[in-house]
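Novice: Provided below: work13.pdb, containing PDB, N, CA and C atoms.
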ATOM      1  N   MET A   1      58.598 118.810 106.241
ATOM      2  CA  MET A   1      59.194 118.149 107.371
ATOM      3  C   MET A   1      59.372 116.657 107.104
ATOM      4  N   ALA A   2      58.391 116.042 106.473
ATOM      5  CA  ALA A   2      58.476 114.612 106.191
ATOM      6  C   ALA A   2      59.597 114.323 105.202
ATOM      7  N   LEU A   3      59.816 115.240 104.259
ATOM      8  CA  LEU A   3      60.894 115.059 103.292
ATOM      9  C   LEU A   3      62.255 115.095 103.973
ATOM     10  N   ALA A   4      62.404 115.935 104.955
ATOM     11  CA  ALA A   4      63.674 116.010 105.688
ATOM     12  C   ALA A   4      63.944 114.707 106.433
ATOM     13  N   TYR A   5      62.915 114.142 107.041
ATOM     14  CA  TYR A   5      63.095 112.857 107.726
ATOM     15  C   TYR A   5      63.448 111.761 106.730
ATOM     16  N   PHE A   6      62.772 111.773 105.594
ATOM     17  CA  PHE A   6      63.048 110.779 104.563
ATOM     18  C   PHE A   6      64.494 110.878 104.087
ATOM     19  N   GLN A   7      64.958 112.094 103.809
ATOM     20  CA  GLN A   7      66.338 112.284 103.361
ATOM     21  C   GLN A   7      67.333 111.845 104.426
ATOM     22  N   TYR A   8      67.042 112.162 105.665
ATOM     23  CA  TYR A   8      67.940 111.773 106.757
ATOM     24  C   TYR A   8      68.048 110.254 106.862
ATOM     25  N   TYR A   9      66.911 109.575 106.893
ATOM     26  CA  TYR A   9      66.935 108.123 107.054
ATOM     27  C   TYR A   9      67.507 107.433 105.823
ATOM     28  N   LEU A  10      67.275 107.993 104.652
ATOM     29  CA  LEU A  10      67.872 107.431 103.441
ATOM     30  C   LEU A  10      69.391 107.567 103.465
ATOM     31  N   SER A  11      69.886 108.732 103.845
ATOM     32  CA  SER A  11      71.337 108.921 103.896
ATOM     33  C   SER A  11      71.971 108.057 104.983
ATOM     34  N   GLU A  12      71.288 107.884 106.107
ATOM     35  CA  GLU A  12      71.813 107.003 107.159
ATOM     36  C   GLU A  12      71.823 105.547 106.707
ATOM     37  N   ALA A  13      70.793 105.131 105.995
ATOM     38  CA  ALA A  13      70.759 103.757 105.486
ATOM     39  C   ALA A  13      71.893 103.525 104.490
ATOM     40  N   LEU A  14      72.117 104.484 103.616
ATOM     41  CA  LEU A  14      73.215 104.357 102.658
ATOM     42  C   LEU A  14      74.569 104.389 103.362
ATOM     43  N   ARG A  15      74.676 105.222 104.380
ATOM     44  CA  ARG A  15      75.932 105.299 105.140
ATOM     45  C   ARG A  15      76.253 103.964 105.790
ATOM     46  N   TRP A  16      75.283 103.392 106.481
ATOM     47  CA  TRP A  16      75.532 102.120 107.157
ATOM     48  C   TRP A  16      75.704 100.981 106.168
ATOM     49  N   GLY A  17      75.079 101.089 105.006
ATOM     50  CA  GLY A  17      75.323 100.102 103.957
ATOM     51  C   GLY A  17      76.759 100.149 103.463
ATOM     52  N   CYS A  18      77.286 101.357 103.292
ATOM     53  CA  CYS A  18      78.689 101.511 102.885
ATOM     54  C   CYS A  18      79.637 101.011 103.966
ATOM     55  N   VAL A  19      79.305 101.265 105.217
ATOM     56  CA  VAL A  19      80.139 100.766 106.321
ATOM     57  C   VAL A  19      80.115  99.238 106.335
ATOM     58  N   ALA A  20      78.955  98.640 106.094
ATOM     59  CA  ALA A  20      78.858  97.178 106.057
ATOM     60  C   ALA A  20      79.698  96.607 104.919
ATOM     61  N   LEU A  21      79.676  97.256 103.754
ATOM     62  CA  LEU A  21      80.517  96.807 102.643
ATOM     63  C   LEU A  21      81.995  96.934 102.981
ATOM     64  N   ALA A  22      82.361  97.990 103.694
ATOM     65  CA  ALA A  22      83.757  98.168 104.096
ATOM     66  C   ALA A  22      84.186  97.079 105.071
ATOM     67  N   VAL A  23      83.319  96.725 106.004
ATOM     68  CA  VAL A  23      83.640  95.646 106.947
ATOM     69  C   VAL A  23      83.794  94.328 106.197
ATOM     70  N   TRP A  24      82.927  94.089 105.233
ATOM     71  CA  TRP A  24      83.028  92.885 104.405
ATOM     72  C   TRP A  24      84.360  92.871 103.660
ATOM     73  N   ALA A  25      84.755  94.000 103.096
ATOM     74  CA  ALA A  25      86.022  94.079 102.372
ATOM     75  C   ALA A  25      87.211  93.857 103.304
ATOM     76  N   ILE A  26      87.146  94.397 104.512
ATOM     77  CA  ILE A  26      88.234  94.201 105.484
ATOM     78  C   ILE A  26      88.359  92.722 105.840
ATOM     79  N   LEU A  27      87.255  92.090 106.168
ATOM     80  CA  LEU A  27      87.288  90.679 106.547
ATOM     81  C   LEU A  27      87.712  89.795 105.383
ATOM     82  N   ASP A  28      87.246  90.112 104.184
ATOM     83  CA  ASP A  28      87.610  89.320 103.020
ATOM     84  C   ASP A  28      89.092  89.468 102.692
ATOM     85  N   SER A  29      89.609  90.684 102.778
ATOM     86  CA  SER A  29      91.034  90.870 102.486
ATOM     87  C   SER A  29      91.903  90.213 103.548
ATOM     88  N   ALA A  30      91.420  90.088 104.767
ATOM     89  CA  ALA A  30      92.174  89.390 105.810
ATOM     90  C   ALA A  30      92.137  87.878 105.601
ATOM     91  N   TYR A  31      91.075  87.384 105.006
ATOM     92  CA  TYR A  31      90.894  85.948 104.811
ATOM     93  C   TYR A  31      91.737  85.394 103.667
ATOM     94  N   ARG A  32      91.948  86.167 102.624
ATOM     95  CA  ARG A  32      92.647  85.678 101.433
ATOM     96  C   ARG A  32      94.137  85.498 101.704
ATOM     97  N   PRO A  33      94.775  84.483 101.074
ATOM     98  CA  PRO A  33      96.208  84.264 101.306
ATOM     99  C   PRO A  33      97.071  85.338 100.644
ATOM    100  N   VAL A  34      98.258  85.523 101.199
ATOM    101  CA  VAL A  34      99.174  86.562 100.722
ATOM    102  C   VAL A  34      99.592  86.306  99.281
ATOM    103  N   VAL A  35      99.850  85.059  98.951
ATOM    104  CA  VAL A  35     100.367  84.711  97.627
ATOM    105  C   VAL A  35      99.352  85.018  96.532
ATOM    106  N   ALA A  36      98.074  84.903  96.834
ATOM    107  CA  ALA A  36      97.043  85.119  95.818
ATOM    108  C   ALA A  36      97.074  86.542  95.274
ATOM    109  N   TYR A  37      97.396  87.515  96.106
ATOM    110  CA  TYR A  37      97.469  88.905  95.649
ATOM    111  C   TYR A  37      98.616  89.078  94.661
ATOM    112  N   THR A  38      99.739  88.438  94.942
ATOM    113  CA  THR A  38     100.896  88.540  94.056
ATOM    114  C   THR A  38     100.629  87.844  92.733
ATOM    115  N   VAL A  39     100.049  86.663  92.789
ATOM    116  CA  VAL A  39      99.757  85.915  91.571
ATOM    117  C   VAL A  39      98.734  86.656  90.713
ATOM    118  N   ALA A  40      97.774  87.305  91.338
ATOM    119  CA  ALA A  40      96.751  88.053  90.602
ATOM    120  C   ALA A  40      97.259  89.410  90.121
ATOM    121  N   GLU A  41      98.510  89.749  90.457
ATOM    122  CA  GLU A  41      99.139  91.012  90.058
ATOM    123  C   GLU A  41      98.367  92.221  90.580
ATOM    124  N   LYS A  42      97.997  92.146  91.843
ATOM    125  CA  LYS A  42      97.330  93.255  92.529
ATOM    126  C   LYS A  42      98.270  93.791  93.593
ATOM    127  N   LEU A  43      97.873  94.836  94.284
ATOM    128  CA  LEU A  43      98.663  95.321  95.412
ATOM    129  C   LEU A  43      98.780  94.217  96.459
ATOM    130  N   THR A  44      99.700  94.381  97.375
ATOM    131  CA  THR A  44      99.915  93.350  98.384
ATOM    132  C   THR A  44      98.743  93.274  99.357
ATOM    133  N   LYS A  45      98.697  92.183 100.091
ATOM    134  CA  LYS A  45      97.630  91.982 101.074
ATOM    135  C   LYS A  45      97.635  93.059 102.152
ATOM    136  N   PRO A  46      98.807  93.405 102.743
ATOM    137  CA  PRO A  46      98.777  94.476 103.750
ATOM    138  C   PRO A  46      98.304  95.816 103.188
ATOM    139  N   ALA A  47      98.635  96.092 101.929
ATOM    140  CA  ALA A  47      98.192  97.348 101.319
ATOM    141  C   ALA A  47      96.670  97.379 101.197
ATOM    142  N   TRP A  48      96.072  96.299 100.730
ATOM    143  CA  TRP A  48      94.613  96.271 100.589
ATOM    144  C   TRP A  48      93.914  96.254 101.934
ATOM    145  N   MET A  49      94.514  95.587 102.909
ATOM    146  CA  MET A  49      93.915  95.618 104.247
ATOM    147  C   MET A  49      93.946  97.030 104.819
ATOM    148  N   LEU A  50      95.050  97.738 104.619
ATOM    149  CA  LEU A  50      95.151  99.114 105.105
ATOM    150  C   LEU A  50      94.181 100.029 104.368
ATOM    151  N   ILE A  51      94.092  99.883 103.051
ATOM    152  CA  ILE A  51      93.160 100.698 102.265
ATOM    153  C   ILE A  51      91.728 100.471 102.747
ATOM    154  N   ASN A  52      91.352  99.211 102.906
ATOM    155  CA  ASN A  52      89.989  98.900 103.350
ATOM    156  C   ASN A  52      89.735  99.368 104.778
ATOM    157  N   LEU A  53      90.734  99.247 105.639
ATOM    158  CA  LEU A  53      90.569  99.690 107.025
ATOM    159  C   LEU A  53      90.401 101.202 107.108
ATOM    160  N   VAL A  54      91.241 101.941 106.391
ATOM    161  CA  VAL A  54      91.124 103.406 106.387
ATOM    162  C   VAL A  54      89.789 103.819 105.771
ATOM    163  N   ALA A  55      89.393 103.141 104.699
ATOM    164  CA  ALA A  55      88.109 103.455 104.068
ATOM    165  C   ALA A  55      86.949 103.196 105.027
ATOM    166  N   GLY A  56      87.017 102.107 105.766
ATOM    167  CA  GLY A  56      85.964 101.812 106.737
ATOM    168  C   GLY A  56      85.879 102.846 107.838
ATOM    169  N   VAL A  57      87.026 103.288 108.332
ATOM    170  CA  VAL A  57      87.039 104.310 109.386
ATOM    171  C   VAL A  57      86.483 105.628 108.854
ATOM    172  N   VAL A  58      86.896 106.006 107.647
ATOM    173  CA  VAL A  58      86.404 107.254 107.048
ATOM    174  C   VAL A  58      84.896 107.176 106.836
ATOM    175  N   LEU A  59      84.413 106.054 106.318
ATOM    176  CA  LEU A  59      82.977 105.917 106.097
ATOM    177  C   LEU A  59      82.201 105.924 107.406
ATOM    178  N   TYR A  60      82.760 105.359 108.447
ATOM    179  CA  TYR A  60      82.080 105.335 109.741
ATOM    180  C   TYR A  60      81.959 106.740 110.328
ATOM    181  N   PHE A  61      83.048 107.507 110.268
ATOM    182  CA  PHE A  61      83.043 108.813 110.917
ATOM    183  C   PHE A  61      82.486 109.936 110.040
ATOM    184  N   PHE A  62      82.681 109.866 108.727
ATOM    185  CA  PHE A  62      82.273 110.967 107.857
ATOM    186  C   PHE A  62      81.084 110.634 106.966
ATOM    187  N   GLY A  63      80.760 109.366 106.794
ATOM    188  CA  GLY A  63      79.711 109.005 105.857
ATOM    189  C   GLY A  63      80.244 109.058 104.442
ATOM    190  N   PHE A  64      79.377 108.838 103.482
ATOM    191  CA  PHE A  64      79.834 108.823 102.098
ATOM    192  C   PHE A  64      79.497 110.111 101.354
ATOM    193  N   MET A  65      78.852 111.057 102.002
ATOM    194  CA  MET A  65      78.459 112.287 101.331
ATOM    195  C   MET A  65      79.561 113.339 101.321
ATOM    196  N   GLN A  66      80.631 113.125 102.063
ATOM    197  CA  GLN A  66      81.789 114.016 102.032
ATOM    198  C   GLN A  66      82.721 113.529 100.924
ATOM    199  N   ILE A  67      83.668 114.365 100.516
ATOM    200  CA  ILE A  67      84.585 113.965  99.452
ATOM    201  C   ILE A  67      85.453 112.793  99.903
ATOM    202  N   LEU A  68      85.899 112.793 101.165
ATOM    203  CA  LEU A  68      86.678 111.659 101.669
ATOM    204  C   LEU A  68      85.842 110.386 101.692
ATOM    205  N   GLY A  69      84.585 110.521 102.019
ATOM    206  CA  GLY A  69      83.698 109.368 102.027
ATOM    207  C   GLY A  69      83.486 108.786 100.645
ATOM    208  N   LEU A  70      83.386 109.653  99.653
ATOM    209  CA  LEU A  70      83.243 109.167  98.282
ATOM    210  C   LEU A  70      84.489 108.421  97.832
ATOM    211  N   VAL A  71      85.660 108.962  98.162
ATOM    212  CA  VAL A  71      86.919 108.289  97.817
ATOM    213  C   VAL A  71      86.995 106.939  98.528
ATOM    214  N   ALA A  72      86.599 106.904  99.791
ATOM    215  CA  ALA A  72      86.614 105.653 100.549
ATOM    216  C   ALA A  72      85.642 104.634  99.958
ATOM    217  N   ALA A  73      84.463 105.076  99.574
ATOM    218  CA  ALA A  73      83.484 104.166  98.982
ATOM    219  C   ALA A  73      83.990 103.614  97.653
ATOM    220  N   VAL A  74      84.671 104.443  96.871
ATOM    221  CA  VAL A  74      85.245 103.977  95.608
ATOM    222  C   VAL A  74      86.343 102.951  95.871
ATOM    223  N   ALA A  75      87.171 103.182  96.891
ATOM    224  CA  ALA A  75      88.239 102.233  97.224
ATOM    225  C   ALA A  75      87.662 100.873  97.612
ATOM    226  N   VAL A  76      86.625 100.877  98.419
ATOM    227  CA  VAL A  76      85.976  99.620  98.804
ATOM    228  C   VAL A  76      85.347  98.963  97.579
ATOM    229  N   GLY A  77      84.736  99.767  96.723
ATOM    230  CA  GLY A  77      84.144  99.232  95.504
ATOM    231  C   GLY A  77      85.169  98.615  94.573
ATOM    232  N   VAL A  78      86.336  99.231  94.462
ATOM    233  CA  VAL A  78      87.404  98.674  93.625
ATOM    234  C   VAL A  78      87.851  97.330  94.177
ATOM    235  N   TYR A  79      87.998  97.252  95.487
ATOM    236  CA  TYR A  79      88.398  95.963  96.067
ATOM    237  C   TYR A  79      87.348  94.889  95.781
ATOM    238  N   LEU A  80      86.089  95.203  96.047
ATOM    239  CA  LEU A  80      85.041  94.191  95.908
ATOM    240  C   LEU A  80      84.756  93.829  94.451
ATOM    241  N   ALA A  81      84.924  94.777  93.539
ATOM    242  CA  ALA A  81      84.588  94.519  92.140
ATOM    243  C   ALA A  81      85.765  94.016  91.312
ATOM    244  N   ASP A  82      86.999  94.369  91.690
ATOM    245  CA  ASP A  82      88.151  94.000  90.866
ATOM    246  C   ASP A  82      89.095  93.043  91.573
ATOM    247  N   VAL A  83      89.524  93.391  92.754
ATOM    248  CA  VAL A  83      90.555  92.609  93.441
ATOM    249  C   VAL A  83      89.985  91.304  93.982
ATOM    250  N   ARG A  84      88.855  91.362  94.631
ATOM    251  CA  ARG A  84      88.280  90.164  95.250
ATOM    252  C   ARG A  84      88.020  89.047  94.241
ATOM    253  N   PRO A  85      87.391  89.318  93.087
ATOM    254  CA  PRO A  85      87.194  88.218  92.135
ATOM    255  C   PRO A  85      88.509  87.634  91.616
ATOM    256  N   ALA A  86      89.507  88.488  91.397
ATOM    257  CA  ALA A  86      90.788  87.984  90.899
ATOM    258  C   ALA A  86      91.478  87.115  91.941
ATOM    259  N   VAL A  87      91.496  87.573  93.176
ATOM    260  CA  VAL A  87      92.160  86.822  94.246
ATOM    261  C   VAL A  87      91.378  85.555  94.572
ATOM    262  N   ARG A  88      90.074  85.641  94.552
ATOM    263  CA  ARG A  88      89.253  84.467  94.827
ATOM    264  C   ARG A  88      89.417  83.420  93.731
ATOM    265  N   GLY A  89      89.537  83.865  92.486
ATOM    266  CA  GLY A  89      89.756  82.932  91.382
ATOM    267  C   GLY A  89      91.085  82.214  91.490
ATOM    268  N   ILE A  90      92.106  82.921  91.933
ATOM    269  CA  ILE A  90      93.417  82.304  92.138
ATOM    270  C   ILE A  90      93.338  81.288  93.272
ATOM    271  N   GLN A  91      92.658  81.640  94.329
ATOM    272  CA  GLN A  91      92.563  80.765  95.496
ATOM    273  C   GLN A  91      91.797  79.487  95.165
ATOM    274  N   ARG A  92      90.756  79.598  94.338
ATOM    275  CA  ARG A  92      89.961  78.422  93.984
ATOM    276  C   ARG A  92      90.597  77.614  92.872
ATOM    277  N   GLY A  93      91.561  78.205  92.172
ATOM    278  CA  GLY A  93      92.202  77.502  91.075
ATOM    279  C   GLY A  93      91.524  77.722  89.742
ATOM    280  N   ASP A  94      90.642  78.686  89.650
ATOM    281  CA  ASP A  94      90.010  78.994  88.367
ATOM    282  C   ASP A  94      91.010  79.673  87.456
ATOM    283  N   SER A  95      91.069  79.222  86.232
ATOM    284  CA  SER A  95      91.872  79.955  85.254
ATOM    285  C   SER A  95      90.926  80.442  84.178
ATOM    286  N   ARG A  96      90.936  81.698  83.920
ATOM    287  CA  ARG A  96      89.977  82.313  82.993
ATOM    288  C   ARG A  96      90.582  82.475  81.602
ATOM    289  N   TRP A  97      91.421  81.537  81.196
ATOM    290  CA  TRP A  97      92.052  81.651  79.878
ATOM    291  C   TRP A  97      91.146  81.124  78.820
TER     292      TRP A  97
END
Turn the structure described in the file into structure tokens.

Specialist:
Amino acid sequence: MALAYFQYYLSEALRWGCVALAVWAILDSAYRPVVAYTVAEKLTKPAWMLINLVAGVVLYFFGFMQILGLVAAVAVGVYLADVRPAVRGIQRGDSRW
């Protein structure tokens, strides 16, 4: 019985952690300028905002243990690990040459 409670609370903690990351990605993609996405050669700002918004909704309603939740978590991870650093570097004026 204790193991079932542990698994439940662990999965809920991970679920809400993924939702928090999705909210962070949504707010960050809304904050960045439109031109930075084009200069960084990424998808457009509305596309990333829509991807992050849909991912956040899926993670909120389904969690990350469903196949849709895993896809949503990967989408948020791609934004935070690949797109955000590139767009942030353009916005700050960093050139990584």

Novice: Among stretch 40-75 of chain A, which residues carry a DSSP assignment of helix (DSSP H, G or I), reported as number ranges by chain?

Specialist: A: 45-62, 67-75

Novice: Could you tell me how far atom C of A:Asp82 lies from atom CA of A:Trp24, in Å and to one decimal?

Specialist: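 One can read the atom C of A:Asp82 to atom CA of A:Trp24 distance as 14.2 Å.
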
Novice: Residues of stretch 12-47 of chain A that have any atom at most 6.5 Å from an atom of stretch 61-76 of chain A: could you tabulate them with the shortest-distance atom pair and the distance in Å to one decimal, using all atoms listed in the file, ordered by chain and increasing number, as a Markdown table?

Specialist:
| residue | atom | partner | partner_atom | distance |
| --- | --- | --- | --- | --- |
| A:Arg15 | CA | A:Phe64 | N | 5.2 |
| A:Leu21 | C | A:Val76 | CA | 6.4 |
| A:Ala22 | CA | A:Val76 | CA | 5.9 |

Novice: Report the residues retrieved by the PyMOL selection byres (((chain A and resi 27-38 and name CA) around 8) and name CA) from the displayed file, expressed as a list in words.

Specialist: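 With the shown file as input, the PyMOL selection byres (((chain A and resi 27-38 and name CA) around 8) and name CA) matches Val23, Trp24, Ala25, Ile26, Val39, Ala40, Glu41, Lys42, Leu43, Thr44, Lys45, Trp48, Met49, Arg84, Val87, Arg88, Ile90 and Gln91 of chain A.
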
Novice: Using only N, CA and C atoms, which of A:Ala81, A:Ala4, A:Leu14, A:Val19 sits nearest A:Val57?

Specialist: A:Val19

Novice: By how many Å are atom CA of A:Asn52 and atom C of A:Val83 apart?

Specialist: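 A separation of 12.1 Å between them.
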
Novice: As AutoDock Vina command-line options, what would the box around stretch 43-46 of chain A look like: edges along x, y and z, 3 Å added on every side, centre and edge lengths in Å to one decimal?

Specialist:
--center_x 98.8 --center_y 93.9 --center_z 99.0 --size_x 8.3 --size_y 9.8 --size_z 15.5

Novice: Have a look at A:Cys18, A:Val78, A:Met1, A:Ala86 and name the one nearest to A:Val58; count only C-alpha atoms.

Specialist: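 Using only C-alpha atoms, A:Val58 sits closest to A:Cys18.
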
Novice: Would you mind reading off the distance between atom N of A:Glu12 and atom CA of A:Leu50, one decimal, in Å?

Specialist: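 Computed distance, atom N of A:Glu12 to atom CA of A:Leu50, equals 25.4 Å.
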